[in-house]
Each structure stands twice: as C-alpha cells, then as structure tokens.
>>> print(open('target10.txt').read())   # compact mmCIF, C-alpha atoms
# COMPACT_ATOMS: atom_id res chain seq x y z
CA MET H 1 -16.28 9.84 -16.69
CA ARG H 2 -13.87 6.97 -17.29
CA SER H 3 -15.20 3.57 -16.34
CA TYR H 4 -11.88 1.74 -16.07
CA SER H 5 -9.29 1.95 -13.31
CA LYS H 6 -7.22 5.14 -13.41
CA LEU H 7 -4.41 3.59 -11.38
CA ARG H 8 -2.13 0.61 -11.80
CA TRP H 9 -2.57 -2.31 -9.43
CA SER H 10 -1.34 -2.03 -5.89
CA VAL H 11 1.40 -4.51 -4.93
CA GLY H 12 -0.86 -5.96 -2.22
CA VAL H 13 -3.37 -7.18 -4.84
CA TYR H 14 -1.01 -10.02 -5.77
CA TYR H 15 -1.30 -11.68 -2.36
CA PRO H 16 -4.93 -12.88 -2.61
CA VAL H 17 -4.48 -13.73 -6.30
CA VAL H 18 -1.45 -15.95 -5.71
CA ILE H 19 -2.75 -17.48 -2.47
CA PHE H 20 -6.06 -18.43 -4.12
CA SER H 21 -4.19 -19.78 -7.15
CA SER H 22 -1.93 -21.83 -4.88
CA TYR H 23 -4.94 -23.85 -3.67
CA ILE H 24 -5.75 -24.77 -7.27
CA ILE H 25 -2.09 -25.60 -7.97
CA ALA H 26 -1.94 -27.74 -4.81
CA ILE H 27 -5.02 -29.73 -5.88
CA ILE H 28 -3.52 -30.30 -9.31
CA GLU H 29 -0.19 -31.36 -7.79
CA ILE H 30 -1.91 -33.80 -5.42
CA MET H 31 -3.86 -35.33 -8.31
CA ILE H 32 -0.67 -35.74 -10.35
CA ARG H 33 1.16 -37.28 -7.42
CA LYS H 34 -1.67 -39.75 -6.76
CA SER H 35 -1.63 -40.75 -10.42
CA LEU H 36 2.13 -41.31 -10.34
CA ILE H 37 1.87 -43.34 -7.13
CA ARG H 38 -0.70 -45.61 -8.74
CA GLU H 39 1.75 -46.15 -11.58
CA GLY H 40 4.38 -47.32 -9.10
CA PHE H 41 6.44 -44.18 -8.50
CA ASP H 42 7.81 -43.90 -4.96
CA ILE H 43 6.89 -40.29 -4.20
CA LEU H 44 5.05 -38.43 -1.47
CA ARG H 45 1.45 -37.28 -1.83
CA PHE H 46 2.13 -33.99 -0.09
CA PRO H 47 2.24 -31.01 -2.54
CA TRP H 48 5.61 -29.73 -1.39
CA LEU H 49 6.32 -28.01 -4.71
CA THR H 50 3.31 -25.76 -4.14
CA TYR H 51 4.52 -24.91 -0.64
CA LEU H 52 7.98 -24.17 -2.06
CA PHE H 53 6.44 -21.85 -4.65
CA VAL H 54 4.34 -20.00 -2.05
CA GLY H 55 7.33 -19.66 0.30
CA LEU H 56 9.46 -18.16 -2.48
CA PHE H 57 6.56 -15.87 -3.39
CA PHE H 58 6.36 -14.48 0.18
CA ILE H 59 10.11 -13.82 0.27
CA TYR H 60 10.04 -12.22 -3.18
CA MET H 61 7.09 -9.99 -2.25
CA GLY H 62 8.79 -8.94 0.97
CA ILE H 63 11.80 -7.75 -1.03
CA ILE H 64 9.61 -6.00 -3.61
CA GLN H 65 7.61 -4.22 -0.90
CA TRP H 66 10.77 -3.12 0.89
CA TYR H 67 12.07 -1.69 -2.39
CA ARG H 68 8.75 0.08 -3.02
CA TYR H 69 7.81 1.27 0.47
CA ARG H 70 11.18 1.35 2.27
CA LEU H 71 9.55 -0.32 5.27
CA TRP H 72 11.62 -3.03 6.96
CA ILE H 73 8.67 -5.04 8.32
CA TYR H 74 7.83 -6.40 4.86
CA PRO H 75 11.06 -8.30 4.08
CA VAL H 76 11.21 -9.63 7.64
CA ALA H 77 7.59 -10.84 7.49
CA GLY H 78 8.23 -12.28 4.02
CA ILE H 79 11.23 -14.28 5.21
CA ILE H 80 9.37 -15.63 8.25
CA MET H 81 6.37 -16.66 6.12
CA GLY H 82 8.71 -18.19 3.55
CA ILE H 83 10.44 -20.30 6.21
CA PHE H 84 7.01 -21.27 7.57
CA CYS H 85 6.01 -22.59 4.11
CA PHE H 86 9.34 -24.39 3.62
CA GLN H 87 8.87 -26.22 6.93
CA ALA H 88 5.33 -27.39 6.12
CA PRO H 89 6.26 -30.51 4.04
CA LEU H 90 8.35 -31.77 6.96
CA ALA H 91 5.89 -30.90 9.73
CA ILE H 92 2.31 -31.28 8.45
CA PRO H 93 2.31 -34.91 7.21
CA SER H 94 1.68 -37.58 9.82
CA TYR H 95 5.14 -39.01 9.26
CA GLY H 96 6.78 -35.70 10.18
CA LEU H 97 9.27 -35.85 13.05
CA SER H 98 8.40 -34.18 16.34
CA LEU H 99 11.40 -31.87 15.92
CA PHE H 100 10.04 -30.53 12.64
CA LYS H 101 6.57 -30.11 14.12
CA ALA H 102 8.04 -28.19 17.05
CA THR H 103 10.09 -25.82 14.84
CA TYR H 104 7.03 -25.32 12.64
CA ALA H 105 4.99 -24.28 15.68
CA ILE H 106 7.78 -22.00 16.88
CA THR H 107 7.98 -20.28 13.48
CA PHE H 108 4.21 -19.74 13.53
CA LEU H 109 4.46 -18.26 17.04
CA VAL H 110 7.30 -15.95 15.95
CA LEU H 111 5.19 -14.78 12.98
CA VAL H 112 2.16 -14.06 15.19
CA LEU H 113 4.27 -12.17 17.75
CA PHE H 114 6.00 -10.19 14.99
CA VAL H 115 2.68 -9.11 13.48
CA ILE H 116 1.27 -8.17 16.91
CA ARG H 117 4.44 -6.24 17.81
CA ASN H 118 4.39 -4.29 14.53
CA TRP H 119 0.63 -4.09 14.04
CA ASN H 120 0.58 -0.28 14.12
CA ALA H 121 3.08 -0.13 11.27
CA PHE H 122 1.20 -2.72 9.18
CA TYR H 123 -2.15 -1.04 9.83
CA GLY H 124 -0.82 2.48 9.27
CA GLN H 125 0.83 1.55 5.99
CA GLU H 126 -2.34 -0.16 4.74
CA ARG H 127 -4.59 2.79 5.62
CA PHE H 128 -2.19 5.44 4.30
CA GLU H 129 -1.82 3.64 0.96
CA ILE H 130 -5.56 3.02 0.54
CA ASN H 131 -6.39 6.67 1.20
CA SER H 132 -3.54 7.91 -0.99
CA ARG H 133 -4.91 5.84 -3.87
CA ARG H 134 -8.34 7.32 -3.20
CA LEU H 135 -6.86 10.83 -3.32
CA PHE H 136 -5.22 10.13 -6.68
CA ARG H 137 -8.45 8.69 -8.07
CA LEU H 138 -10.37 11.70 -6.80
CA ALA H 139 -7.83 14.09 -8.34
CA ALA H 140 -8.24 12.45 -11.76
CA GLU H 141 -12.05 12.31 -11.79
CA MET H 142 -12.61 15.49 -13.78
CA ILE H 143 -9.39 15.50 -15.83
CA ARG H 144 -9.77 14.75 -19.52
CA ASP H 145 -6.47 16.06 -20.87
CA THR H 146 -4.00 13.16 -21.31
CA SER H 147 -1.37 15.05 -23.26
CA GLY H 148 0.82 15.95 -20.31
CA GLY H 149 3.96 14.61 -18.67
CA PHE H 150 5.77 14.72 -15.34
CA THR H 151 7.37 17.93 -14.07
CA GLU H 152 9.62 18.05 -11.01
CA ARG H 153 8.75 21.61 -10.00
CA PRO H 154 6.19 22.28 -7.26
CA TYR H 155 2.91 23.75 -8.48
CA SER H 156 1.78 27.05 -6.93
CA ALA H 157 -1.96 26.73 -6.34
CA GLY H 158 -3.14 29.94 -4.77
CA LYS H 159 -4.04 30.78 -1.20
CA LEU H 160 -6.22 29.24 1.50
CA VAL H 161 -8.46 31.37 3.69
CA CYS H 162 -8.19 30.02 7.24
CA THR H 163 -6.61 30.67 10.61
CA ARG H 164 -3.49 28.89 11.79
CA GLU H 165 -5.55 27.06 14.41
CA GLU H 166 -8.03 25.83 11.78
CA LEU H 167 -5.21 24.64 9.54
CA THR H 168 -3.45 22.85 12.41
CA GLY H 169 -6.68 21.16 13.50
CA PHE H 170 -7.42 20.12 9.92
CA ALA H 171 -3.93 18.65 9.50
CA ARG H 172 -4.29 16.75 12.80
CA PHE H 173 -7.67 15.36 11.71
CA MET H 174 -6.35 14.22 8.32
CA ASN H 175 -3.35 12.56 9.97
CA GLY H 176 -5.55 10.84 12.53
CA LYS H 177 -7.72 9.37 9.75
CA TYR H 178 -4.61 8.17 7.84
CA VAL H 179 -5.46 10.36 4.85
CA VAL H 180 -2.12 12.17 4.96
CA LYS H 181 0.91 12.31 7.20
CA THR H 182 1.37 15.76 8.68
CA ILE H 183 4.94 17.05 8.97
CA HIS H 184 5.85 20.46 10.40
CA ILE H 185 9.08 21.98 9.08
CA ASP H 186 9.92 25.50 10.22
CA ASP H 187 6.68 27.46 9.75
CA ARG H 188 5.25 25.25 7.00
CA ILE H 189 2.78 22.41 7.25
CA TYR H 190 3.26 19.51 4.84
CA LEU H 191 0.39 17.13 4.12
CA ALA H 192 2.18 14.10 2.67
CA PHE H 193 0.59 11.24 0.74
CA SER H 194 2.00 8.47 -1.44
CA MET H 195 1.09 5.23 -3.20
CA ASN H 196 4.74 4.17 -3.09
CA ARG H 197 7.08 5.32 -0.32
CA SER H 198 5.68 4.43 3.09
CA LEU H 199 4.43 7.33 5.20
CA VAL H 200 4.79 5.35 8.44
CA ASN H 201 8.49 6.13 8.84
CA LEU H 202 8.62 9.20 6.60
CA GLU H 203 10.62 12.19 7.84
CA ASP H 204 11.29 14.22 4.70
CA PRO H 205 8.06 15.19 2.86
CA ASN H 206 10.04 15.96 -0.29
CA GLU H 207 10.45 12.20 -0.83
CA VAL H 208 6.72 11.85 -1.58
CA SER H 209 3.76 13.72 -3.00
CA HIS H 210 2.58 16.50 -0.71
CA VAL H 211 0.72 19.73 -0.28
CA ALA H 212 2.70 22.46 1.49
CA ILE H 213 1.03 25.41 3.22
CA ASP H 214 2.92 28.41 4.60
CA PRO H 215 1.79 30.76 7.42
CA GLU H 216 0.10 33.10 4.93
CA GLY H 217 -1.99 30.25 3.55
CA ASN H 218 -0.12 29.98 0.25
CA ILE H 219 -0.45 26.43 -1.04
CA SER H 220 1.91 24.51 -3.30
CA VAL H 221 1.50 20.98 -4.62
CA PHE H 222 4.18 18.45 -5.44
CA VAL H 223 3.42 15.07 -7.04
CA SER H 224 6.28 12.56 -7.07
CA GLU H 225 7.33 10.92 -10.32
CA LYS H 226 6.58 7.40 -9.00
CA ASP H 227 3.06 8.40 -7.96
CA TYR H 228 2.42 10.20 -11.24
CA LYS H 229 3.52 7.15 -13.24
CA ASP H 230 0.99 4.99 -11.37
CA TYR H 231 -1.71 6.65 -13.44
CA VAL H 232 -2.69 4.47 -16.41
CA ASP H 233 -3.06 7.62 -18.55
CA ARG H 234 -0.57 10.48 -18.74
CA PHE H 235 -2.84 13.16 -17.34
CA SER H 236 -1.87 16.81 -17.60
CA PHE H 237 0.51 17.34 -14.69
CA ASP H 238 -0.63 20.90 -13.97
CA GLN H 239 -4.26 19.76 -13.95
CA VAL H 240 -3.43 16.93 -11.52
CA CYS H 241 -1.72 19.38 -9.16
CA SER H 242 -4.54 21.91 -9.51
CA SER H 243 -7.05 19.16 -8.76
CA PHE H 244 -5.18 18.21 -5.56
CA ALA H 245 -5.19 21.84 -4.43
CA ALA H 246 -8.94 22.03 -5.03
CA ILE H 247 -9.50 18.78 -3.09
CA PHE H 248 -7.61 19.93 -0.01
CA GLU H 249 -9.24 23.37 -0.13
CA ARG H 250 -12.66 21.65 -0.30
CA PHE H 251 -11.75 19.25 2.54
CA LEU H 252 -10.59 22.20 4.67
CA GLY H 253 -13.94 23.86 4.01
CA TYR H 254 -15.74 20.73 5.21
CA TYR H 255 -13.62 20.74 8.35
CA LYS H 256 -14.32 24.41 9.09
CA GLN H 257 -18.07 23.72 8.78
CA GLY H 258 -17.86 20.70 11.11
CA LEU H 259 -18.58 18.29 8.24
CA GLU H 260 -15.51 16.07 8.66
CA ASN H 261 -17.48 12.93 7.77
CA ARG H 262 -17.99 14.30 4.26
CA ILE H 263 -14.22 14.08 3.73
CA ILE H 264 -14.18 10.34 4.42
CA THR H 265 -17.36 9.78 2.40
CA GLU H 266 -15.94 11.59 -0.61
CA LEU H 267 -12.71 9.60 -0.44
CA LYS H 268 -14.53 6.30 -0.21
CA THR H 269 -16.67 7.11 -3.24
CA ALA H 270 -13.71 8.09 -5.45
CA ARG H 271 -13.64 5.98 -8.63
>>> encode(input="target10.txt", output="structure tokens")
Amino acid sequence: MRSYSKLRWSVGVYYPVVIFSSYIIAIIEIMIRKSLIREGFDILRFPWLTYLFVGLFFIYMGIIQWYRYRLWIYPVAGIIMGIFCFQAPLAIPSYGLSLFKATYAITFLVLVLFVIRNWNAFYGQERFEINSRRLFRLAAEMIRDTSGGFTERPYSAGKLVCTREELTGFARFMNGKYVVKTIHIDDRIYLAFSMNRSLVNLEDPNEVSHVAIDPEGNISVFVSEKDYKDYVDRFSFDQVCSSFAAIFERFLGYYKQGLENRIITELKTAR
C-alpha cells in the first residue's frame, strides 16, 4: 500500500496556507516599518502591503476556482473579500476616517449576507469535492499498475443485481450524503462525481466522472481526463474504472443489507 498521497492538492488547501503565512508576513512587515520609523522615515506602521497581497490572493483564487469548478459564487466571494482587505488600511487604524470605517463595515455585512444566502452551494460543493476525492483514493487503493494512460471511452463493467426501487433508493441516499450527484436521463441513472467541475449546478453528467446504470442493471464507468490527471501516478485506466465499478457494487450491497453507515465509514478511511 502506498504511503504517500495518491492525489494532487485540492485548490482549497492554499487558503489556510496563505492565510497563516500572511500573519507571519504581517509581523515581519510591522517590524521593518518600526525600524524604518526609528530611522526617521515618515511611513505608517500598518502592514498595508500584507493586506494588499491577501486581497489580491482572494481575487486570484476566486478566478481560479471559477475556472476549475464553474461555480459563480467563488469569483464573487473572492472579489468581495479582496475589497474587504483593500479597505482595511484605511478603516482599521485609529486615524481612519468614519467614511472608510462605515464602508468597511458595509463590505463585511455584504460578505456575511452573501455567504448566508449561498450557504447551500458552498456547503454542497465542499462536501461533494471531499467525497469525490475519497472515492478516487478508494479506487486507487489496490491498484499497482502505473503503466496506463487516459482513455475517453466509457468502460463497460458488468451488471448489477438489484431492483429498480433498490437502485433508486441507493442513488437517493448517495446524493443525500453528497457522495455523488444523481441525474436521471431517459431510463438511465447517472451517479456523478468530480474533483474538478462542481456538481452543485451540474446538468450534464458527461461533463464529469460518473457511473451510468441502465434499467437492466448494466453498469458503465467514465472517468474524466481532469480527474484522472489529478492522480500523482498514471494508474492503469481500465483498472481505475474497474475499481470504481467494484466500489459502487459493494456500496449498493451495503445499502441492500441496511448497512448504509458502512459506506460513509469506508469513504472516510480511504487513504
């Protein structure tokens, strides 16, 4: 079993890293400014360069996340947080004008209201991505062959033994736990998952990785090129698809036995 991460970093990892680093940068900037003031330079003590950097970072990340997830809430939130940071040097210091303090408070209020208004989208995206990454880790656990490459064709993975009612209930459960997004097209059920394109506003399952099941229980697996390239190693594509089919067949078996909690436990323990 491989001990290192099988997947590349999620975009969201950069937020805590940069925010924590910004505190260190701010302390260094304040120390430099104090030193320059003692030498007679007429400058402010406030670390406005750090705030400028963080504001630009939020805007940049909003654009990157929109490009990656195609979810409009990220660039809007990034711009609001960027403006909030840009206003700080004019509002936080004691010499700040009342007008700047008022606009700073208004921007903060707008940010809070925006997050509250779109909380379901933020929460749904976070849960879908976390569980999708767990699925991809789980799929790679027993794969040793790294000689493969991406293939656009869907992978035919056999047949499930279940009733239509069991399959529909299973799909509803998986959607409710934010493991997959269930999409019904004609007589097929698509269980969509992705580490890239957002599932929150997804309408076409062919844009992302998915498992498709027809009325006869025939199962096919499609892994998107972006998701496949998020693996650190180039695992055998057919083995990845076969592993996904085995995972969903096993999860369906848990559901049929009334052991739904085992699905969540297995996902959470994926390495």
>>> atom_distance(input="target10.txt", atom1="CA of Arg188 in chain H", atom2="CA of Asp214 in chain H")
4.6 Å
>>> residues_around(input="target10.txt", residues="Ser156 in chain H", least_positions_apart="6", cutoff="10 Å", atoms="all atoms listed in the file", output="VMD selection string")
chain H and resid 211 to 212 218 to 222 238 241 to 242 245
>>> atom_distance(input="target10.txt", atom1="CA of Asn201 in chain H", atom2="CA of Ile130 in chain H")
16.6 Å
>>> closest_residue(input="target10.txt", among="H:Phe237, H:Phe170, H:Tyr255, H:Tyr51", to="Pro89 in chain H", atoms="all atoms listed in the file")
H:Tyr51
>>> residues_near_point(input="target10.txt", point="(8.7, 3.3, 8.1)", cutoff="8 Å", atoms="all atoms listed in the file", output="tab-separated table (two decimals) with C-alpha atoms, in the coordinates of the input")
chain	number	residue	atom	x	y	z
H	69	TYR	CA	7.81	1.27	0.47
H	70	ARG	CA	11.18	1.35	2.27
H	71	LEU	CA	9.55	-0.32	5.27
H	72	TRP	CA	11.62	-3.03	6.96
H	121	ALA	CA	3.08	-0.13	11.27
H	198	SER	CA	5.68	4.43	3.09
H	199	LEU	CA	4.43	7.33	5.20
H	200	VAL	CA	4.79	5.35	8.44
H	201	ASN	CA	8.49	6.13	8.84
H	202	LEU	CA	8.62	9.20	6.60
>>> residues_near_point(input="target10.txt", point="(-16.9, 18.2, 0.6)", cutoff="9 Å", atoms="all atoms listed in the file", output="PDB file with C-alpha atoms, in the frame of the given file")
ATOM      1  CA  ILE H 247      -9.500  18.780  -3.090  1.00  0.00           C
ATOM      2  CA  ARG H 250     -12.660  21.650  -0.300  1.00  0.00           C
ATOM      3  CA  PHE H 251     -11.750  19.250   2.540  1.00  0.00           C
ATOM      4  CA  LEU H 252     -10.590  22.200   4.670  1.00  0.00           C
ATOM      5  CA  GLY H 253     -13.940  23.860   4.010  1.00  0.00           C
ATOM      6  CA  TYR H 254     -15.740  20.730   5.210  1.00  0.00           C
ATOM      7  CA  TYR H 255     -13.620  20.740   8.350  1.00  0.00           C
ATOM      8  CA  LEU H 259     -18.580  18.290   8.240  1.00  0.00           C
ATOM      9  CA  GLU H 260     -15.510  16.070   8.660  1.00  0.00           C
ATOM     10  CA  ASN H 261     -17.480  12.930   7.770  1.00  0.00           C
ATOM     11  CA  ARG H 262     -17.990  14.300   4.260  1.00  0.00           C
ATOM     12  CA  ILE H 263     -14.220  14.080   3.730  1.00  0.00           C
ATOM     13  CA  THR H 265     -17.360   9.780   2.400  1.00  0.00           C
ATOM     14  CA  GLU H 266     -15.940  11.590  -0.610  1.00  0.00           C
TER      15      GLU H 266
END
>>> atom_distance(input="target10.txt", atom1="CA of Ala77 in chain H", atom2="CA of Arg127 in chain H")
18.4 Å
>>> residues_around(input="target10.txt", residues="Trp66 in chain H", least_positions_apart="2", cutoff="12 Å", atoms="only C-alpha atoms", output="PyMOL selection string")
chain H and resi 11+59-64+68-79+196-198
>>> residues_around(input="target10.txt", residues="Asn175 in chain H", least_positions_apart="5", cutoff="10 Å", atoms="all atoms listed in the file", output="NGL selection string")
:H and (128 or 169-170 or 180-183 or 191-192)
>>> residues_around(input="target10.txt", residues="Arg45 in chain H", least_positions_apart="2", cutoff="8 Å", atoms="all atoms listed in the file", output="MDAnalysis selection string")
chainID H and resid 30 33:34 43 47
>>> write_last_selection(input="target10.txt", atoms="C-alpha atoms", output="PDB file, keeping the file's coordinate frame")
ATOM      1  CA  ILE H  30      -1.910 -33.800  -5.420  1.00  0.00           C
ATOM      2  CA  ARG H  33       1.160 -37.280  -7.420  1.00  0.00           C
ATOM      3  CA  LYS H  34      -1.670 -39.750  -6.760  1.00  0.00           C
ATOM      4  CA  ILE H  43       6.890 -40.290  -4.200  1.00  0.00           C
ATOM      5  CA  PRO H  47       2.240 -31.010  -2.540  1.00  0.00           C
TER       6      PRO H  47
END
>>> closest_residue(input="target10.txt", among="H:Thr151, H:Asn206, H:Thr168, H:Gln87", to="Gln239 in chain H", atoms="only C-alpha atoms")
H:Thr151
>>> residues_around(input="target10.txt", residues="Met142 in chain H", least_positions_apart="5", cutoff="12 Å", atoms="all atoms listed in the file", output="PDB file with C-alpha atoms, in the frame of the given file")
ATOM      1  CA  MET H   1     -16.280   9.840 -16.690  1.00  0.00           C
ATOM      2  CA  ARG H   2     -13.870   6.970 -17.290  1.00  0.00           C
ATOM      3  CA  LYS H   6      -7.220   5.140 -13.410  1.00  0.00           C
ATOM      4  CA  PHE H 136      -5.220  10.130  -6.680  1.00  0.00           C
ATOM      5  CA  ARG H 137      -8.450   8.690  -8.070  1.00  0.00           C
ATOM      6  CA  PHE H 235      -2.840  13.160 -17.340  1.00  0.00           C
ATOM      7  CA  SER H 236      -1.870  16.810 -17.600  1.00  0.00           C
ATOM      8  CA  GLN H 239      -4.260  19.760 -13.950  1.00  0.00           C
ATOM      9  CA  VAL H 240      -3.430  16.930 -11.520  1.00  0.00           C
ATOM     10  CA  SER H 242      -4.540  21.910  -9.510  1.00  0.00           C
ATOM     11  CA  SER H 243      -7.050  19.160  -8.760  1.00  0.00           C
ATOM     12  CA  PHE H 244      -5.180  18.210  -5.560  1.00  0.00           C
ATOM     13  CA  ALA H 246      -8.940  22.030  -5.030  1.00  0.00           C
ATOM     14  CA  ILE H 247      -9.500  18.780  -3.090  1.00  0.00           C
ATOM     15  CA  ALA H 270     -13.710   8.090  -5.450  1.00  0.00           C
ATOM     16  CA  ARG H 271     -13.640   5.980  -8.630  1.00  0.00           C
TER      17      ARG H 271
END
>>> closest_residue(input="target10.txt", among="H:Leu99, H:Gly176, H:Tyr228, H:Ile19", to="Gly55 in chain H", atoms="all atoms listed in the file")
H:Ile19
